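Here is start_34.cif, consisting of mmCIF, C-alpha atoms:
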```
data_structure
#
loop_
_atom_site.label_atom_id
_atom_site.label_comp_id
_atom_site.auth_asym_id
_atom_site.auth_seq_id
_atom_site.Cartn_x
_atom_site.Cartn_y
_atom_site.Cartn_z
CA MET A 5 -79.65 -8.82 -6.68
CA LEU A 6 -77.83 -10.28 -9.66
CA LEU A 7 -75.19 -8.43 -11.61
CA TYR A 8 -74.46 -9.73 -15.11
CA ASP A 9 -70.88 -8.63 -15.56
CA PHE A 10 -67.36 -9.26 -16.88
CA LEU A 11 -64.72 -8.85 -14.20
CA PRO A 12 -62.12 -6.81 -16.18
CA SER A 13 -64.81 -4.36 -17.38
CA GLY A 14 -64.52 -0.86 -15.98
CA ASN A 15 -68.20 -0.32 -16.71
CA GLY A 16 -69.03 -3.34 -14.56
CA TYR A 17 -66.52 -2.27 -11.90
CA LYS A 18 -68.37 1.03 -11.41
CA VAL A 19 -71.44 -0.90 -10.25
CA ARG A 20 -69.45 -3.39 -8.12
CA LEU A 21 -67.66 -0.51 -6.41
CA LEU A 22 -70.85 1.37 -5.56
CA LEU A 23 -72.67 -1.79 -4.41
CA SER A 24 -69.73 -2.53 -2.11
CA GLN A 25 -69.69 1.01 -0.74
CA LEU A 26 -73.45 0.86 -0.16
CA GLY A 27 -73.02 -2.47 1.67
CA ILE A 28 -75.35 -4.28 -0.75
CA ARG A 29 -74.61 -7.96 -1.29
CA PHE A 30 -75.18 -9.35 -4.77
CA THR A 31 -74.47 -12.35 -6.95
CA LEU A 32 -72.04 -11.91 -9.83
CA VAL A 33 -73.09 -13.69 -13.04
CA GLU A 34 -69.97 -13.65 -15.17
CA LYS A 35 -70.26 -13.33 -18.94
CA GLN A 36 -67.14 -13.75 -21.05
CA ILE A 37 -67.70 -10.95 -23.53
CA PHE A 38 -64.72 -11.88 -25.72
CA ALA A 39 -66.19 -15.40 -26.10
CA GLY A 40 -69.50 -13.96 -27.37
CA GLU A 41 -71.47 -14.73 -24.21
CA THR A 42 -73.28 -11.36 -24.36
CA ARG A 43 -74.47 -12.03 -27.94
CA THR A 44 -76.33 -15.30 -27.33
CA PRO A 45 -80.14 -15.41 -27.65
CA ASP A 46 -80.37 -16.01 -23.90
CA PHE A 47 -78.36 -12.92 -23.05
CA LEU A 48 -80.08 -10.77 -25.68
CA ALA A 49 -83.30 -11.60 -23.82
CA VAL A 50 -81.65 -10.08 -20.73
CA ASN A 51 -80.33 -7.01 -22.58
CA PRO A 52 -81.31 -6.51 -26.25
CA ASN A 53 -78.27 -4.24 -26.61
CA GLY A 54 -76.00 -7.20 -25.78
CA ARG A 55 -73.81 -5.49 -23.20
CA ILE A 56 -72.83 -5.85 -19.58
CA PRO A 57 -73.35 -4.71 -16.85
CA VAL A 58 -77.01 -5.50 -16.27
CA LEU A 59 -78.50 -5.28 -12.78
CA GLU A 60 -81.36 -7.66 -12.03
CA LEU A 61 -83.48 -6.80 -9.00
CA ASP A 62 -84.99 -9.48 -6.76
CA ASP A 63 -88.38 -8.96 -8.47
CA GLY A 64 -86.82 -9.70 -11.88
CA ARG A 65 -86.75 -6.14 -13.24
CA ARG A 66 -83.55 -5.38 -15.12
CA LEU A 67 -81.56 -2.24 -15.76
CA ALA A 68 -78.72 -1.80 -18.28
CA GLU A 69 -76.12 0.96 -18.85
CA SER A 70 -73.56 1.28 -16.05
CA ASP A 71 -74.22 4.95 -15.33
CA ALA A 72 -78.02 4.50 -15.23
CA ILE A 73 -77.47 1.66 -12.73
CA LEU A 74 -75.22 3.92 -10.64
CA PHE A 75 -77.90 6.62 -10.62
CA TYR A 76 -80.60 4.14 -9.61
CA LEU A 77 -78.55 2.76 -6.73
CA ALA A 78 -77.32 6.16 -5.55
CA GLU A 79 -80.66 7.99 -5.34
CA SER A 80 -81.36 9.10 -1.76
CA THR A 81 -77.84 8.19 -0.65
CA GLY A 82 -74.77 10.34 -0.05
CA PHE A 83 -73.36 9.25 -3.40
CA LEU A 84 -75.77 11.55 -5.30
CA PRO A 85 -76.34 15.18 -4.28
CA ALA A 86 -79.82 16.21 -3.14
CA ASP A 87 -79.53 19.56 -4.94
CA ARG A 88 -81.12 19.58 -8.40
CA PHE A 89 -78.35 21.46 -10.17
CA ALA A 90 -75.59 19.41 -8.53
CA ARG A 91 -77.41 16.22 -9.54
CA ALA A 92 -77.41 17.44 -13.15
CA GLN A 93 -73.69 18.22 -12.86
CA VAL A 94 -73.10 14.63 -11.74
CA LEU A 95 -74.95 13.47 -14.85
CA GLN A 96 -72.95 15.92 -16.99
CA TRP A 97 -69.72 14.18 -15.92
CA MET A 98 -71.23 10.74 -16.40
CA PHE A 99 -72.30 11.59 -19.96
CA PHE A 100 -68.83 13.09 -20.52
CA GLU A 101 -67.40 9.77 -19.37
CA GLN A 102 -69.48 7.69 -21.76
CA TYR A 103 -69.08 10.00 -24.78
CA SER A 104 -65.67 11.69 -24.51
CA HIS A 105 -63.64 9.38 -22.23
CA GLU A 106 -64.65 5.69 -22.35
CA PRO A 107 -64.63 5.32 -26.17
CA TYR A 108 -60.94 6.31 -26.17
CA ILE A 109 -59.45 5.36 -22.79
CA ALA A 110 -61.32 2.08 -22.35
CA VAL A 111 -60.97 1.07 -26.01
CA ALA A 112 -57.21 1.78 -25.95
CA ARG A 113 -56.94 -0.49 -22.88
CA ARG A 114 -58.93 -3.20 -24.60
CA LEU A 115 -56.68 -3.07 -27.67
CA ARG A 116 -53.30 -2.79 -25.94
CA HIS A 117 -53.81 -4.75 -22.72
CA MET A 118 -56.27 -7.45 -23.78
CA ASP A 119 -55.95 -7.87 -27.55
CA ARG A 120 -52.20 -6.99 -27.62
CA LYS A 121 -52.80 -4.78 -30.63
CA PRO A 122 -51.48 -1.29 -31.43
CA VAL A 123 -53.55 1.69 -30.31
CA PRO A 124 -54.47 4.06 -33.17
CA PRO A 125 -52.97 7.53 -32.51
CA GLU A 126 -56.43 9.12 -32.70
CA LEU A 127 -57.57 7.14 -29.67
CA THR A 128 -54.53 8.27 -27.70
CA GLU A 129 -55.10 11.88 -28.76
CA ARG A 130 -58.81 11.95 -27.88
CA GLY A 131 -58.18 10.11 -24.60
CA SER A 132 -55.49 12.64 -23.68
CA GLU A 133 -57.96 15.45 -24.40
CA ALA A 134 -60.42 13.84 -21.98
CA LEU A 135 -57.70 13.58 -19.31
CA GLY A 136 -56.93 17.26 -19.91
CA VAL A 137 -60.58 18.21 -19.32
CA MET A 138 -60.50 16.19 -16.08
CA GLU A 139 -57.23 17.84 -14.99
CA ARG A 140 -58.72 21.33 -15.43
CA GLN A 141 -61.87 20.39 -13.52
CA LEU A 142 -59.93 18.81 -10.64
CA ALA A 143 -57.40 21.64 -10.21
CA GLY A 144 -58.35 23.11 -6.85
CA ARG A 145 -61.16 20.64 -6.27
CA THR A 146 -61.24 17.40 -4.28
CA PHE A 147 -63.99 15.67 -6.29
CA PHE A 148 -65.86 16.34 -9.55
CA VAL A 149 -69.03 17.92 -8.14
CA GLY A 150 -69.41 20.01 -4.99
CA ASP A 151 -66.25 18.62 -3.40
CA VAL A 152 -68.15 15.52 -2.30
CA TYR A 153 -67.36 11.98 -3.49
CA SER A 154 -70.21 10.92 -5.79
CA ILE A 155 -71.10 8.53 -8.59
CA ALA A 156 -69.47 11.03 -10.99
CA ASP A 157 -66.14 10.13 -9.37
CA ILE A 158 -66.93 6.42 -9.46
CA ALA A 159 -67.85 6.61 -13.16
CA LEU A 160 -64.63 8.42 -14.10
CA TYR A 161 -62.37 6.44 -11.75
CA ALA A 162 -63.22 3.09 -13.34
CA TYR A 163 -61.21 3.46 -16.54
CA THR A 164 -58.91 6.33 -15.48
CA HIS A 165 -57.22 4.29 -12.75
CA VAL A 166 -56.24 1.66 -15.35
CA ALA A 167 -55.51 4.16 -18.15
CA ASP A 168 -51.84 3.07 -18.08
CA GLU A 169 -52.97 -0.30 -19.44
CA GLY A 170 -54.07 1.61 -22.56
CA GLY A 171 -50.70 3.34 -22.81
CA PHE A 172 -51.67 6.62 -21.14
CA ASP A 173 -49.01 8.24 -18.94
CA LEU A 174 -50.62 10.21 -16.10
CA THR A 175 -47.39 11.99 -15.09
CA GLY A 176 -48.59 15.20 -16.72
CA TYR A 177 -51.93 15.13 -14.87
CA PRO A 178 -51.06 15.75 -11.19
CA ALA A 179 -54.59 16.76 -10.16
CA VAL A 180 -55.96 13.57 -11.72
CA ARG A 181 -53.36 11.47 -9.89
CA ALA A 182 -54.14 13.11 -6.53
CA TRP A 183 -57.88 12.56 -7.13
CA LEU A 184 -57.29 8.87 -8.01
CA ALA A 185 -55.59 8.47 -4.62
CA ARG A 186 -58.48 10.20 -2.84
CA VAL A 187 -61.02 7.93 -4.54
CA ALA A 188 -59.00 4.81 -3.68
CA ALA A 189 -58.95 5.94 -0.02
CA GLN A 190 -62.75 6.13 0.30
CA PRO A 191 -64.38 3.79 2.84
CA GLY A 192 -65.44 0.47 1.31
CA HIS A 193 -63.23 0.86 -1.76
CA VAL A 194 -62.59 -2.42 -3.59
CA PRO A 195 -60.20 -3.17 -6.47
CA ILE A 196 -61.42 -3.96 -9.99
CA THR A 197 -60.25 -7.55 -9.53
CA LYS A 198 -62.41 -8.32 -6.48
CA ARG A 199 -64.59 -11.32 -7.23
CA ASP A 200 -66.38 -12.34 -4.02
CA PHE A 201 -69.44 -10.18 -3.27
CA ALA A 202 -72.16 -12.51 -2.06
CA MET B 6 -81.61 31.47 -20.05
CA LEU B 7 -78.98 31.26 -22.78
CA LEU B 8 -78.41 28.20 -24.93
CA TYR B 9 -75.05 27.95 -26.67
CA ASP B 10 -75.92 25.83 -29.65
CA PHE B 11 -75.52 24.99 -33.35
CA LEU B 12 -78.84 24.85 -35.17
CA PRO B 13 -78.28 21.62 -37.21
CA SER B 14 -77.11 19.74 -34.09
CA GLY B 15 -79.43 17.00 -32.90
CA ASN B 16 -77.87 17.26 -29.44
CA GLY B 17 -78.81 20.94 -29.35
CA TYR B 18 -82.24 20.22 -30.81
CA LYS B 19 -83.07 17.93 -27.88
CA VAL B 20 -82.76 20.89 -25.52
CA ARG B 21 -84.59 23.32 -27.84
CA LEU B 22 -87.47 20.85 -28.19
CA LEU B 23 -87.85 20.32 -24.44
CA LEU B 24 -87.56 24.04 -23.66
CA SER B 25 -90.29 24.70 -26.22
CA GLN B 26 -92.52 22.00 -24.79
CA LEU B 27 -91.97 23.36 -21.27
CA GLY B 28 -92.87 26.85 -22.51
CA ILE B 29 -89.51 28.27 -21.40
CA ARG B 30 -88.21 31.18 -23.47
CA PHE B 31 -84.48 31.40 -24.04
CA THR B 32 -81.85 33.13 -26.12
CA LEU B 33 -79.99 31.08 -28.71
CA VAL B 34 -76.25 31.86 -28.93
CA GLU B 35 -75.18 30.24 -32.16
CA LYS B 36 -71.71 28.73 -32.46
CA GLN B 37 -70.53 27.52 -35.85
CA ILE B 38 -68.84 24.30 -34.81
CA PHE B 39 -67.40 23.57 -38.26
CA ALA B 40 -65.69 27.00 -38.19
CA GLY B 41 -64.00 26.15 -34.88
CA GLU B 42 -66.14 28.47 -32.75
CA THR B 43 -66.41 25.89 -29.96
CA ARG B 44 -62.61 25.56 -29.72
CA THR B 45 -61.76 29.22 -29.03
CA PRO B 46 -60.37 30.24 -25.60
CA ASP B 47 -63.60 32.15 -24.94
CA PHE B 48 -65.77 29.13 -25.58
CA LEU B 49 -63.46 26.75 -23.70
CA ALA B 50 -64.05 29.02 -20.69
CA VAL B 51 -67.77 28.27 -21.15
CA ASN B 52 -67.26 24.51 -21.63
CA PRO B 53 -63.76 23.06 -21.20
CA ASN B 54 -64.88 20.07 -23.28
CA GLY B 55 -65.47 22.40 -26.28
CA ARG B 56 -68.93 21.16 -27.22
CA ILE B 57 -72.43 22.49 -27.61
CA PRO B 58 -75.10 22.56 -26.26
CA VAL B 59 -74.41 24.45 -23.04
CA LEU B 60 -77.28 25.88 -20.99
CA GLU B 61 -76.52 29.05 -19.03
CA LEU B 62 -78.96 29.89 -16.25
CA ASP B 63 -79.87 33.47 -15.39
CA ASP B 64 -77.50 33.36 -12.39
CA GLY B 65 -74.60 32.40 -14.69
CA ARG B 66 -74.32 28.72 -13.75
CA ARG B 67 -73.69 26.52 -16.77
CA LEU B 68 -74.49 22.94 -17.64
CA ALA B 69 -73.08 20.90 -20.54
CA GLU B 70 -74.03 17.53 -22.09
CA SER B 71 -77.41 17.50 -23.84
CA ASP B 72 -78.89 14.64 -21.84
CA ALA B 73 -77.80 16.11 -18.47
CA ILE B 74 -79.48 19.37 -19.51
CA LEU B 75 -82.65 17.45 -20.43
CA PHE B 76 -82.65 15.76 -17.03
CA TYR B 77 -82.16 19.08 -15.21
CA LEU B 78 -85.01 20.76 -17.08
CA ALA B 79 -87.35 17.77 -16.83
CA GLU B 80 -87.11 17.11 -13.09
CA SER B 81 -90.51 17.54 -11.42
CA THR B 82 -92.28 17.79 -14.78
CA GLY B 83 -94.27 15.25 -16.76
CA PHE B 84 -91.28 14.68 -19.03
CA LEU B 85 -89.49 12.61 -16.34
CA PRO B 86 -91.26 9.84 -14.37
CA ALA B 87 -91.61 10.27 -10.61
CA ASP B 88 -90.94 6.56 -10.04
CA ARG B 89 -87.33 5.78 -9.18
CA PHE B 90 -86.96 2.72 -11.40
CA ALA B 91 -88.69 4.39 -14.36
CA ARG B 92 -86.38 7.39 -13.97
CA ALA B 93 -83.40 5.05 -14.18
CA GLN B 94 -84.90 3.43 -17.29
CA VAL B 95 -85.13 6.88 -18.89
CA LEU B 96 -81.44 7.35 -18.13
CA GLN B 97 -80.69 3.86 -19.51
CA TRP B 98 -82.11 4.92 -22.88
CA MET B 99 -80.31 8.26 -22.77
CA PHE B 100 -76.96 6.55 -22.12
CA PHE B 101 -77.81 4.07 -24.90
CA GLU B 102 -78.37 7.07 -27.16
CA GLN B 103 -75.02 8.67 -26.39
CA TYR B 104 -72.99 5.45 -26.49
CA SER B 105 -74.63 3.10 -29.00
CA HIS B 106 -76.67 5.41 -31.27
CA GLU B 107 -75.30 8.96 -31.64
CA PRO B 108 -71.67 7.96 -32.47
CA TYR B 109 -72.97 6.07 -35.52
CA ILE B 110 -76.23 7.68 -36.62
CA ALA B 111 -75.24 11.30 -35.96
CA VAL B 112 -71.70 10.84 -37.26
CA ALA B 113 -72.98 9.20 -40.48
CA ARG B 114 -75.27 12.23 -40.97
CA ARG B 115 -72.39 14.61 -40.38
CA LEU B 116 -70.23 12.81 -42.95
CA ARG B 117 -72.85 12.23 -45.67
CA HIS B 118 -75.13 15.25 -45.31
CA MET B 119 -72.75 17.97 -44.17
CA ASP B 120 -69.25 16.97 -45.28
CA ARG B 121 -70.47 15.14 -48.43
CA LYS B 122 -68.12 12.27 -47.62
CA PRO B 123 -68.69 8.52 -47.78
CA VAL B 124 -69.96 6.78 -44.64
CA PRO B 125 -67.70 3.92 -43.48
CA PRO B 126 -69.66 0.63 -43.54
CA GLU B 127 -68.95 0.05 -39.84
CA LEU B 128 -70.91 3.20 -38.95
CA THR B 129 -73.87 2.03 -41.02
CA GLU B 130 -73.71 -1.42 -39.42
CA ARG B 131 -73.52 -0.17 -35.82
CA GLY B 132 -76.21 2.45 -36.47
CA SER B 133 -78.49 -0.24 -37.90
CA GLU B 134 -77.89 -2.35 -34.78
CA ALA B 135 -79.02 0.62 -32.64
CA LEU B 136 -82.15 1.02 -34.77
CA GLY B 137 -82.81 -2.70 -34.31
CA VAL B 138 -82.60 -2.35 -30.51
CA MET B 139 -85.07 0.56 -30.71
CA GLU B 140 -87.42 -1.45 -32.96
CA ARG B 141 -87.54 -4.33 -30.46
CA GLN B 142 -88.19 -1.96 -27.54
CA LEU B 143 -90.95 -0.07 -29.38
CA ALA B 144 -92.81 -3.16 -30.66
CA GLY B 145 -96.06 -3.06 -28.68
CA ARG B 146 -95.12 0.14 -26.83
CA THR B 147 -96.06 3.76 -27.54
CA PHE B 148 -92.98 5.35 -25.95
CA PHE B 149 -89.64 4.15 -24.58
CA VAL B 150 -90.48 4.06 -20.86
CA GLY B 151 -93.83 3.39 -19.23
CA ASP B 152 -95.81 4.32 -22.34
CA VAL B 153 -95.44 8.01 -21.47
CA TYR B 154 -93.61 10.55 -23.64
CA SER B 155 -90.42 11.50 -21.78
CA ILE B 156 -86.93 12.90 -22.29
CA ALA B 157 -85.86 9.39 -23.34
CA ASP B 158 -88.03 9.85 -26.43
CA ILE B 159 -86.72 13.37 -27.01
CA ALA B 160 -83.11 12.17 -26.75
CA LEU B 161 -83.64 9.35 -29.24
CA TYR B 162 -85.89 11.32 -31.60
CA ALA B 163 -83.29 14.02 -32.26
CA TYR B 164 -80.99 12.03 -34.55
CA THR B 165 -83.38 9.20 -35.49
CA HIS B 166 -85.82 11.52 -37.29
CA VAL B 167 -82.99 12.70 -39.56
CA ALA B 168 -81.28 9.29 -39.86
CA ASP B 169 -82.08 9.30 -43.60
CA GLU B 170 -79.59 12.17 -43.96
CA GLY B 171 -76.93 9.67 -42.85
CA GLY B 172 -78.12 7.11 -45.39
CA PHE B 173 -80.26 4.99 -43.07
CA ASP B 174 -83.47 3.57 -44.55
CA LEU B 175 -86.18 3.23 -41.89
CA THR B 176 -88.48 1.09 -44.08
CA GLY B 177 -87.51 -2.03 -42.13
CA TYR B 178 -88.27 -0.40 -38.76
CA PRO B 179 -92.07 0.08 -38.70
CA ALA B 180 -92.32 0.49 -34.91
CA VAL B 181 -89.64 3.18 -35.03
CA ARG B 182 -91.47 5.00 -37.83
CA ALA B 183 -94.80 4.90 -35.96
CA TRP B 184 -93.05 6.21 -32.83
CA LEU B 185 -91.41 9.06 -34.79
CA ALA B 186 -94.90 10.12 -35.91
CA ARG B 187 -96.20 9.97 -32.32
CA VAL B 188 -93.32 12.11 -31.06
CA ALA B 189 -93.83 14.66 -33.85
CA ALA B 190 -97.53 14.90 -32.87
CA GLN B 191 -96.81 15.87 -29.24
CA PRO B 192 -98.06 19.29 -28.09
CA GLY B 193 -95.46 22.02 -28.54
CA HIS B 194 -93.35 20.03 -30.97
CA VAL B 195 -90.96 22.16 -33.03
CA PRO B 196 -88.78 21.19 -36.00
CA ILE B 197 -84.98 21.00 -35.77
CA THR B 198 -84.75 24.07 -38.03
CA LYS B 199 -86.75 26.40 -35.76
CA ARG B 200 -84.62 29.44 -34.92
CA ASP B 201 -86.82 31.95 -33.07
CA PHE B 202 -87.24 31.10 -29.37
CA ALA B 203 -86.95 34.38 -27.45
#
```

This entry written out as structure tokens:
Amino acid sequence: MLLYDFLPSGNGYKVRLLLSQLGIRFTLVEKQIFAGETRTPDFLAVNPNGRIPVLELDDGRRLAESDAILFYLAESTGFLPADRFARAQVLQWMFFEQYSHEPYIAVARRLRHMDRKPVPPELTERGSEALGVMERQLAGRTFFVGDVYSIADIALYAYTHVADEGGFDLTGYPAVRAWLARVAAQPGHVPITKRDFA
Amino acid sequence: MLLYDFLPSGNGYKVRLLLSQLGIRFTLVEKQIFAGETRTPDFLAVNPNGRIPVLELDDGRRLAESDAILFYLAESTGFLPADRFARAQVLQWMFFEQYSHEPYIAVARRLRHMDRKPVPPELTERGSEALGVMERQLAGRTFFVGDVYSIADIALYAYTHVADEGGFDLTGYPAVRAWLARVAAQPGHVPITKRDFA
């Protein structure tokens, strides 16, 4: 398998983390998104939406959108529940991540940590709301769905564990902090900076 | 089943459309989102993220996020492919909708059509990019995945068919327009304004 990716990307990291935990070897094809490498004609032929990550299977078929890739890889494994309702709950948290969490927490990190620019207060406010929703869900639970580590946890871990780089202080979110530690302690866990997967 | 919803919402409409096409009767519980009815303590007990739609099953279990609800309802029906890769492609387009389409096309509609405010040029530009991605995918295809009508089409139809209300002109997107007509011609199709479902 090939993974078109950008190493600092939390969206890419989700896929790298699950592939590692599934024991699947793959080749990382790095694209420097800030240098426009995902907007070239060649890359737009890979993904017309011009974004990483993209997973390319050995037969050449390609899949975009980090959380769709997670779902594909996790089907029939312990990382996705077999129960229909629980599976939908996993998707609920993954859509929450892409709609209510990533556009604030990941974008704040991009601005502050990578571009060295100020973070608009609205991003900080909306990101804090998302952390508050996570805190309420995790109070009294070990993981997001059914108290079993799943791709919902992987999806939300990716940008939450580096939220400080966007200026978010997790002190007021003890359940989130305890959950981050539980996720990091899972077998096969790898850091966002890991580069060698082949 | 109960559906907590707001009638003009495209996200809610996705669920109403699929429920209608599945022949499932349900009770609509209307929440006036502009009057703050999804931010009350009572509603936050229903969905801590304070958003509609929320589906409540007869046993009281609840599911949020429109596209997670679609997936739950569509499993084991003709609206979701049985093939694992095709299922992931459906999710790819649903995550595209929530991340690259809805935040521009739905928000432009909200501003222009409901709030009677100007639409920032960036929203128009990003929304047009999303329409361009759809146009390329639909050229030579009848539906988004596997040439079969699925919840990927329902998810993308919801806000695309009212994109004009956000100031988008679909004249330059002939494949999108032909697809909109095909979706509207599906058995059991209902308009976004339909209110009586019980």

(request) Could you please select, counting all atoms listed in the file, the residues of chain A within 6 Å of chain B and state them as a ChimeraX atom specification? (result) /A:69,72,76,92,95-96

(request) For CA of Gly150 (chain A) and CA of Gly82 (chain A), determine how far apart the two atoms are, in Å to one decimal place. (result) 12.1 Å

(message) Which residues would end up in the selection if the PyMOL selection byres ((chain B and resi 177-194) around 6) were applied here, given that I need the answer as a list in words?
(response) Gln26, Glu140, Leu143, Ala144, Leu175, Thr176 and Val195 of chain B

Surrounding residues of Ser155 (chain B) excluding itself and chain neighbours under 2 positions, 8 Å, only C-alpha atoms, as a tab-separated table (two decimals) with C-alpha atoms, in the coordinates of the input:
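Generated output (out_34.tsv):
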```tsv
chain	number	residue	atom	x	y	z
B	83	GLY	CA	-94.27	15.25	-16.76
B	84	PHE	CA	-91.28	14.68	-19.03
B	85	LEU	CA	-89.49	12.61	-16.34
B	86	PRO	CA	-91.26	9.84	-14.37
B	95	VAL	CA	-85.13	6.88	-18.89
B	148	PHE	CA	-92.98	5.35	-25.95
B	149	PHE	CA	-89.64	4.15	-24.58
B	150	VAL	CA	-90.48	4.06	-20.86
B	153	VAL	CA	-95.44	8.01	-21.47
B	157	ALA	CA	-85.86	9.39	-23.34
B	158	ASP	CA	-88.03	9.85	-26.43
B	159	ILE	CA	-86.72	13.37	-27.01
```

Identify all residues satisfying the PyMOL selection byres ((chain A and resi 108-120) around 9) in the given file; provide them as a compact mmCIF listing (two decimals) with C-alpha atoms, in the coordinates of the input.
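The file below, expr.txt, is the result:
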```txt
# COMPACT_ATOMS: atom_id res chain seq x y z
CA SER A 13 -64.81 -4.36 -17.38
CA GLY A 14 -64.52 -0.86 -15.98
CA SER A 104 -65.67 11.69 -24.51
CA HIS A 105 -63.64 9.38 -22.23
CA GLU A 106 -64.65 5.69 -22.35
CA PRO A 107 -64.63 5.32 -26.17
CA LYS A 121 -52.80 -4.78 -30.63
CA PRO A 122 -51.48 -1.29 -31.43
CA VAL A 123 -53.55 1.69 -30.31
CA PRO A 124 -54.47 4.06 -33.17
CA GLU A 126 -56.43 9.12 -32.70
CA LEU A 127 -57.57 7.14 -29.67
CA THR A 128 -54.53 8.27 -27.70
CA GLU A 129 -55.10 11.88 -28.76
CA ARG A 130 -58.81 11.95 -27.88
CA GLY A 131 -58.18 10.11 -24.60
CA SER A 132 -55.49 12.64 -23.68
CA ALA A 134 -60.42 13.84 -21.98
CA TYR A 163 -61.21 3.46 -16.54
CA THR A 164 -58.91 6.33 -15.48
CA VAL A 166 -56.24 1.66 -15.35
CA ALA A 167 -55.51 4.16 -18.15
CA ASP A 168 -51.84 3.07 -18.08
CA GLU A 169 -52.97 -0.30 -19.44
CA GLY A 170 -54.07 1.61 -22.56
CA GLY A 171 -50.70 3.34 -22.81
CA PHE A 172 -51.67 6.62 -21.14
```

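CA of Pro125 (chain A) lies 27.9 Å from CA of Asp47 (chain B).
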
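Nearest to Gly16 (chain A) of all the residues A:Ile28, A:Asp87, A:Val58, A:Ile37 is A:Val58, counting only C-alpha atoms.
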
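With CA of Arg20 (chain A) on one side and CA of Glu60 (chain A) on the other, the separation reads 13.2 Å.
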